[in-house]
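The data block below is final.json; it holds JSON, C-alpha atoms.
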[["chain", "number", "residue", "atom", "x", "y", "z"],
["A", 359, "MET", "CA", 52.53, -11.92, 18.94],
["A", 360, "ASN", "CA", 52.31, -8.48, 17.32],
["A", 361, "ARG", "CA", 51.33, -10.10, 14.02],
["A", 362, "VAL", "CA", 48.51, -12.01, 15.69],
["A", 363, "LEU", "CA", 47.24, -8.84, 17.36],
["A", 364, "SER", "CA", 47.48, -6.95, 14.05],
["A", 365, "LEU", "CA", 45.59, -9.70, 12.26],
["A", 366, "MET", "CA", 42.94, -9.80, 14.99],
["A", 367, "GLY", "CA", 42.63, -6.02, 14.72],
["A", 368, "LEU", "CA", 42.09, -6.24, 10.97],
["A", 369, "VAL", "CA", 39.51, -8.99, 11.35],
["A", 370, "THR", "CA", 37.71, -7.03, 14.06],
["A", 371, "ALA", "CA", 37.74, -3.90, 11.87],
["A", 372, "ALA", "CA", 36.36, -5.88, 8.94],
["A", 373, "ILE", "CA", 33.57, -7.33, 11.06],
["A", 374, "LEU", "CA", 32.68, -3.91, 12.46],
["A", 375, "ALA", "CA", 32.73, -2.38, 8.99],
["A", 376, "SER", "CA", 30.42, -5.03, 7.58],
["A", 377, "THR", "CA", 28.10, -4.80, 10.57],
["A", 378, "GLY", "CA", 28.09, -1.02, 10.31],
["A", 379, "SER", "CA", 27.10, -1.13, 6.65],
["A", 380, "ALA", "CA", 24.35, -3.63, 7.42],
["A", 381, "LEU", "CA", 23.04, -1.27, 10.08],
["A", 382, "ALA", "CA", 23.19, 1.64, 7.64],
["A", 383, "THR", "CA", 20.43, 0.26, 5.42],
["A", 384, "GLU", "CA", 17.48, 2.52, 4.84],
["A", 385, "LYS", "CA", 13.92, 1.23, 4.84],
["A", 386, "VAL", "CA", 12.01, 3.56, 2.53],
["A", 387, "GLU", "CA", 8.25, 3.91, 2.35],
["A", 388, "LEU", "CA", 6.86, 6.14, -0.35],
["A", 389, "LYS", "CA", 3.28, 7.30, -0.12],
["A", 390, "SER", "CA", 1.05, 8.95, -2.72],
["A", 391, "VAL", "CA", 2.80, 7.34, -5.69],
["A", 392, "HIS", "CA", 0.74, 7.34, -8.90],
["A", 393, "MET", "CA", -0.46, 3.76, -9.42],
["A", 394, "CYS", "CA", -3.77, 3.66, -11.25],
["A", 395, "CYS", "CA", -3.27, 0.12, -12.54],
["A", 396, "ASP", "CA", -1.12, -2.99, -12.28],
["A", 397, "GLY", "CA", 1.05, -1.64, -15.10],
["A", 398, "CYS", "CA", 1.96, 1.46, -13.09],
["A", 399, "ALA", "CA", 2.75, -0.63, -10.01],
["A", 400, "GLU", "CA", 4.90, -2.96, -12.10],
["A", 401, "GLU", "CA", 6.75, 0.00, -13.63],
["A", 402, "VAL", "CA", 7.54, 1.40, -10.16],
["A", 403, "ALA", "CA", 8.86, -2.02, -9.09],
["A", 404, "THR", "CA", 10.89, -2.36, -12.30],
["A", 405, "ILE", "CA", 12.50, 1.07, -11.91],
["A", 406, "LEU", "CA", 13.41, 0.43, -8.28],
["A", 407, "GLY", "CA", 14.65, -3.07, -9.07],
["A", 408, "LYS", "CA", 17.22, -1.66, -11.50],
["A", 409, "VAL", "CA", 18.90, 0.53, -8.88],
["A", 410, "GLU", "CA", 22.00, -1.16, -7.51],
["A", 411, "GLY", "CA", 21.77, -1.50, -3.75],
["A", 412, "VAL", "CA", 17.96, -1.57, -3.65],
["A", 413, "SER", "CA", 16.19, -4.72, -2.47],
["A", 414, "ASP", "CA", 12.91, -5.94, -1.00],
["A", 415, "VAL", "CA", 10.77, -3.84, -3.36],
["A", 416, "THR", "CA", 7.02, -4.02, -2.86],
["A", 417, "THR", "CA", 4.23, -1.93, -4.32],
["A", 418, "ASP", "CA", 0.65, -1.56, -3.14],
["A", 419, "LYS", "CA", -1.59, -0.20, -5.88],
["A", 420, "LYS", "CA", -4.57, 0.30, -3.58],
["A", 421, "ALA", "CA", -2.53, 2.23, -0.99],
["A", 422, "LYS", "CA", -0.54, 3.99, -3.73],
["A", 423, "SER", "CA", 2.66, 3.13, -1.89],
["A", 424, "ALA", "CA", 6.02, 1.55, -2.56],
["A", 425, "THR", "CA", 8.54, 0.25, -0.07],
["A", 426, "PHE", "CA", 12.12, -0.85, -0.50],
["A", 427, "THR", "CA", 15.37, -1.24, 1.34],
["A", 428, "ALA", "CA", 18.37, 0.77, 0.21],
["A", 429, "SER", "CA", 21.93, -0.04, 1.17],
["A", 430, "ASP", "CA", 22.41, 3.56, 2.37],
["A", 431, "VAL", "CA", 21.01, 7.09, 2.12],
["A", 432, "ARG", "CA", 22.84, 7.78, -1.15],
["A", 433, "THR", "CA", 21.25, 4.70, -2.74],
["A", 434, "ALA", "CA", 17.82, 5.72, -1.43],
["A", 435, "GLN", "CA", 18.29, 9.08, -3.18],
["A", 436, "LYS", "CA", 19.35, 7.33, -6.41],
["A", 437, "ALA", "CA", 16.16, 5.27, -6.24],
["A", 438, "LEU", "CA", 14.00, 8.39, -5.86],
["A", 439, "ASP", "CA", 15.88, 10.06, -8.72],
["A", 440, "ALA", "CA", 15.23, 6.99, -10.90],
["A", 441, "LEU", "CA", 11.51, 7.11, -10.07],
["A", 442, "ALA", "CA", 11.40, 10.82, -10.90],
["A", 443, "GLU", "CA", 13.13, 10.12, -14.22],
["A", 444, "GLY", "CA", 10.37, 7.57, -14.86],
["A", 445, "GLY", "CA", 7.73, 10.23, -14.18],
["A", 446, "PHE", "CA", 6.73, 9.08, -10.69],
["A", 447, "HIS", "CA", 6.65, 11.17, -7.52],
["A", 448, "GLY", "CA", 5.88, 10.30, -3.91],
["A", 449, "ASP", "CA", 6.13, 11.37, -0.31],
["A", 450, "SER", "CA", 9.21, 9.91, 1.38],
["A", 451, "GLY", "CA", 8.57, 11.51, 4.76],
["A", 452, "LYS", "CA", 10.58, 14.24, 6.41],
["A", 453, "ASP", "CA", 14.20, 14.52, 7.50],
["A", 454, "LYS", "CA", 15.39, 11.21, 6.07],
["A", 455, "GLY", "CA", 18.34, 12.57, 4.12],
["A", 456, "PHE", "CA", 16.66, 11.80, 0.80],
["A", 457, "ALA", "CA", 13.67, 13.27, -1.02],
["A", 458, "PHE", "CA", 12.27, 13.92, -4.47],
["A", 459, "LYS", "CA", 14.05, 16.94, -5.91],
["A", 460, "ASP", "CA", 12.18, 20.02, -6.98],
["A", 461, "ASP", "CA", 13.54, 20.02, -10.52],
["A", 462, "SER", "CA", 10.34, 21.06, -12.28],
["A", 463, "GLY", "CA", 11.61, 24.47, -13.30],
["A", 464, "VAL", "CA", 8.24, 26.00, -12.42],
["A", 465, "LYS", "CA", 7.92, 29.60, -11.33],
["A", 466, "ALA", "CA", 5.05, 30.74, -9.14],
["A", 467, "GLY", "CA", 2.52, 33.03, -10.74],
["A", 468, "LYS", "CA", -0.55, 33.03, -12.92],
["A", 469, "VAL", "CA", -0.30, 31.59, -16.40],
["A", 470, "LYS", "CA", -2.80, 30.89, -19.15],
["A", 471, "THR", "CA", -0.94, 27.90, -20.57],
["A", 472, "LEU", "CA", 1.64, 25.55, -19.09],
["A", 473, "THR", "CA", 3.28, 22.60, -20.77],
["A", 474, "VAL", "CA", 4.26, 19.82, -18.38],
["A", 475, "THR", "CA", 6.40, 16.92, -19.46],
["A", 476, "GLY", "CA", 8.08, 13.76, -18.23],
["A", 477, "PHE", "CA", 5.20, 12.38, -16.17],
["A", 478, "HIS", "CA", 4.28, 8.69, -16.15],
["A", 479, "ASN", "CA", 1.37, 8.22, -18.53],
["A", 480, "SER", "CA", 1.02, 4.68, -19.84],
["A", 481, "CYS", "CA", -2.74, 4.21, -20.07],
["A", 482, "GLY", "CA", -6.17, 5.79, -20.00],
["A", 483, "GLY", "CA", -6.18, 5.45, -16.22],
["A", 484, "CYS", "CA", -3.09, 7.68, -16.04],
["A", 485, "VAL", "CA", -4.85, 10.33, -18.13],
["A", 486, "LYS", "CA", -7.93, 10.08, -15.93],
["A", 487, "SER", "CA", -5.81, 10.50, -12.77],
["A", 488, "PHE", "CA", -3.94, 13.41, -14.35],
["A", 489, "ARG", "CA", -7.23, 15.15, -15.25],
["A", 490, "GLU", "CA", -8.81, 14.50, -11.85],
["A", 491, "THR", "CA", -5.77, 16.10, -10.25],
["A", 492, "ILE", "CA", -5.57, 19.23, -12.37],
["A", 493, "LYS", "CA", -9.31, 19.95, -12.23],
["A", 494, "ASP", "CA", -8.86, 20.69, -8.52],
["A", 495, "VAL", "CA", -6.38, 23.47, -9.27],
["A", 496, "LYS", "CA", -8.23, 26.80, -9.21],
["A", 497, "GLY", "CA", -8.47, 28.30, -12.70],
["A", 498, "VAL", "CA", -7.57, 25.23, -14.77],
["A", 499, "ALA", "CA", -9.92, 25.01, -17.74],
["A", 500, "GLY", "CA", -8.59, 22.04, -19.71],
["A", 501, "ASP", "CA", -5.72, 20.00, -21.08],
["A", 502, "ASN", "CA", -4.68, 17.96, -24.09],
["A", 503, "ALA", "CA", -3.30, 14.91, -22.25],
["A", 504, "LYS", "CA", -3.33, 11.69, -24.28],
["A", 505, "SER", "CA", -2.52, 8.15, -23.21],
["A", 506, "LYS", "CA", 1.13, 7.13, -23.67],
["A", 507, "VAL", "CA", 2.19, 10.75, -24.30],
["A", 508, "THR", "CA", 4.29, 12.21, -21.48],
["A", 509, "THR", "CA", 3.75, 15.87, -22.37],
["A", 510, "ALA", "CA", 0.53, 17.81, -21.97],
["A", 511, "GLN", "CA", -0.56, 21.40, -22.20],
["A", 512, "VAL", "CA", -2.79, 22.73, -19.43],
["A", 513, "THR", "CA", -4.90, 25.82, -20.10],
["A", 514, "GLY", "CA", -6.95, 28.30, -18.09],
["A", 515, "GLU", "CA", -5.75, 30.99, -15.71],
["A", 516, "PHE", "CA", -4.00, 29.33, -12.78],
["A", 517, "ASP", "CA", -0.89, 29.41, -10.63],
["A", 518, "ALA", "CA", 1.80, 27.32, -12.34],
["A", 519, "ALA", "CA", 3.48, 26.31, -9.06],
["A", 520, "GLU", "CA", 0.15, 25.15, -7.62],
["A", 521, "LEU", "CA", -0.42, 22.94, -10.65],
["A", 522, "VAL", "CA", 3.00, 21.29, -10.27],
["A", 523, "LYS", "CA", 2.49, 20.90, -6.52],
["A", 524, "SER", "CA", -0.86, 19.17, -7.12],
["A", 525, "LEU", "CA", 0.59, 16.83, -9.74],
["A", 526, "ASN", "CA", 3.48, 15.91, -7.44],
["A", 527, "ALA", "CA", 1.05, 15.24, -4.58],
["A", 528, "ALA", "CA", -0.88, 12.90, -6.89],
["A", 529, "GLY", "CA", 2.30, 10.97, -7.68],
["A", 530, "PHE", "CA", 3.26, 12.53, -11.02],
["A", 531, "HIS", "CA", 6.78, 13.97, -11.36],
["A", 532, "VAL", "CA", 6.70, 16.75, -13.94],
["A", 533, "LYS", "CA", 8.91, 19.38, -15.49],
["A", 534, "VAL", "CA", 7.69, 22.50, -17.23],
["A", 535, "LYS", "CA", 8.65, 23.63, -20.71]]

Mind turning this structure into structure tokens?
Amino acid sequence: MNRVLSLMGLVTAAILASTGSALATEKVELKSVHMCCDGCAEEVATILGKVEGVSDVTTDKKAKSATFTASDVRTAQKALDALAEGGFHGDSGKDKGFAFKDDSGVKAGKVKTLTVTGFHNSCGGCVKSFRETIKDVKGVAGDNAKSKVTTAQVTGEFDAAELVKSLNAAGFHVKVK
């Protein structure tokens, strides 16, 4: 009788554990992700699809959004880290236990030149989006961004942190050199 009760206890624990992990999934919606073309949207989907524990990936180029299901919060963070490594940034909402890390290395203050690197830049549309974003930063005079090159120098007299903040808001994850 004790064996049967022990076995039933183990089975019950296994069922509860599997149900608990199913309930622990995280539905993630990222907004403001850079997606100027189908290629960008496909790249976001490809990056997310390679993260173990991520499923149900969808991208919406027009809405500049991506959604996916992660097996848990840790996996959701791994997915965001993978997107950042690919040069993408987005808004994951607040207080979810996962977010894009501020790993740009930028320091606030006026600069005349800033080199940003690591951002997604696969086509002329990416360059156009990059330029449209930085022109709104007070004091930016120009840049040398080129298609398929993930490093660019921005010139003028502007706040470096504001530039990075603007690029992140436009869906570009950057680091400064």

Inset, instruction - Between atom CA of A:Glu515 and atom CA of A:Phe446, measure the distance and give it in Å to one decimal. - result: 25.7 Å

Inset, instruction - Provide the atom CA of A:Ala437 to atom CA of A:Leu406 distance in Å, to one decimal place. - result: 5.9 Å

Inset, instruction - Report the distance between atom CA of A:Glu387 and atom CA of A:Lys533 in Å, rounded to one decimal place. - result: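 Going from atom CA of A:Glu387 over to atom CA of A:Lys533, I get 23.6 Å.
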
Legend entry - Residue contacts of A:Thr513 (9 Å, all atoms listed in the file) excluding same-chain residues fewer than 2 positions away, as a PyMOL selection string: chain A and resi 469-473+497-502+511+515-516

Legend entry - Long-range neighbours of A:Gly445 as a list in words, 10 Å cut-off, all atoms listed in the file, 3 positions minimum in chain: His392, Val402, Asp439, Ala440, Leu441, Ala442, Thr475, Gly476, Phe477, His478, Asn479, Thr508, Asn526, Gly529, Phe530, His531, Val532 and Lys533 of chain A

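Candidate residues A:Lys506, A:Lys389, A:Lys535, A:Lys465 were compared for distance to A:Asp418, and the nearest is A:Lys389, using all atoms listed in the file.
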
Inset, instruction - Find, counting only C-alpha atoms, the residue in A:Asp430, A:Asp517, A:Glu400, A:Asp461 that gets nearest to A:Val495. - result: A:Asp517

Inset, instruction - Would you mind listing what lies within 9 Å of A:Ala503 as a PyMOL selection string, with all atoms listed in the file counted and same-chain residues fewer than 6 positions away left out? - result: chain A and resi 479+485+488-489+509-512

Legend entry - Nearest to A:Phe458, chosen from A:Met393, A:Ala434, A:Ala519, A:Ile492, with all atoms listed in the file counted in the distances: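 Looking at the shortest contact to A:Phe458, the residue is A:Ala434.
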
Legend entry - Long-range neighbours of A:Asp449 as a ChimeraX atom specification, 8 Å cut-off, all atoms listed in the file, 5 positions minimum in chain: /A:388-391,457-458,527

Inset, instruction - Return the single residue from A:Thr491, A:Thr383, A:Ser423, A:Thr433 that is closest to A:Glu410, with distances computed using only C-alpha atoms. - result: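 Residue with the minimum atom-to-atom distance to A:Glu410: A:Thr433.
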
Inset, instruction - Skip A:Ala403 itself and residues of its chain fewer than 6 positions away, then list as JSON, numbers by chain all residues within 7 Å of it, counting all atoms listed in the file. - result: {"A": [415, 416, 417]}

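Distances here use all atoms listed in the file; by that measure, the residue among A:Ser487, A:Gln435, A:Thr404, A:Ser480 closest to A:Ser450 is A:Gln435.
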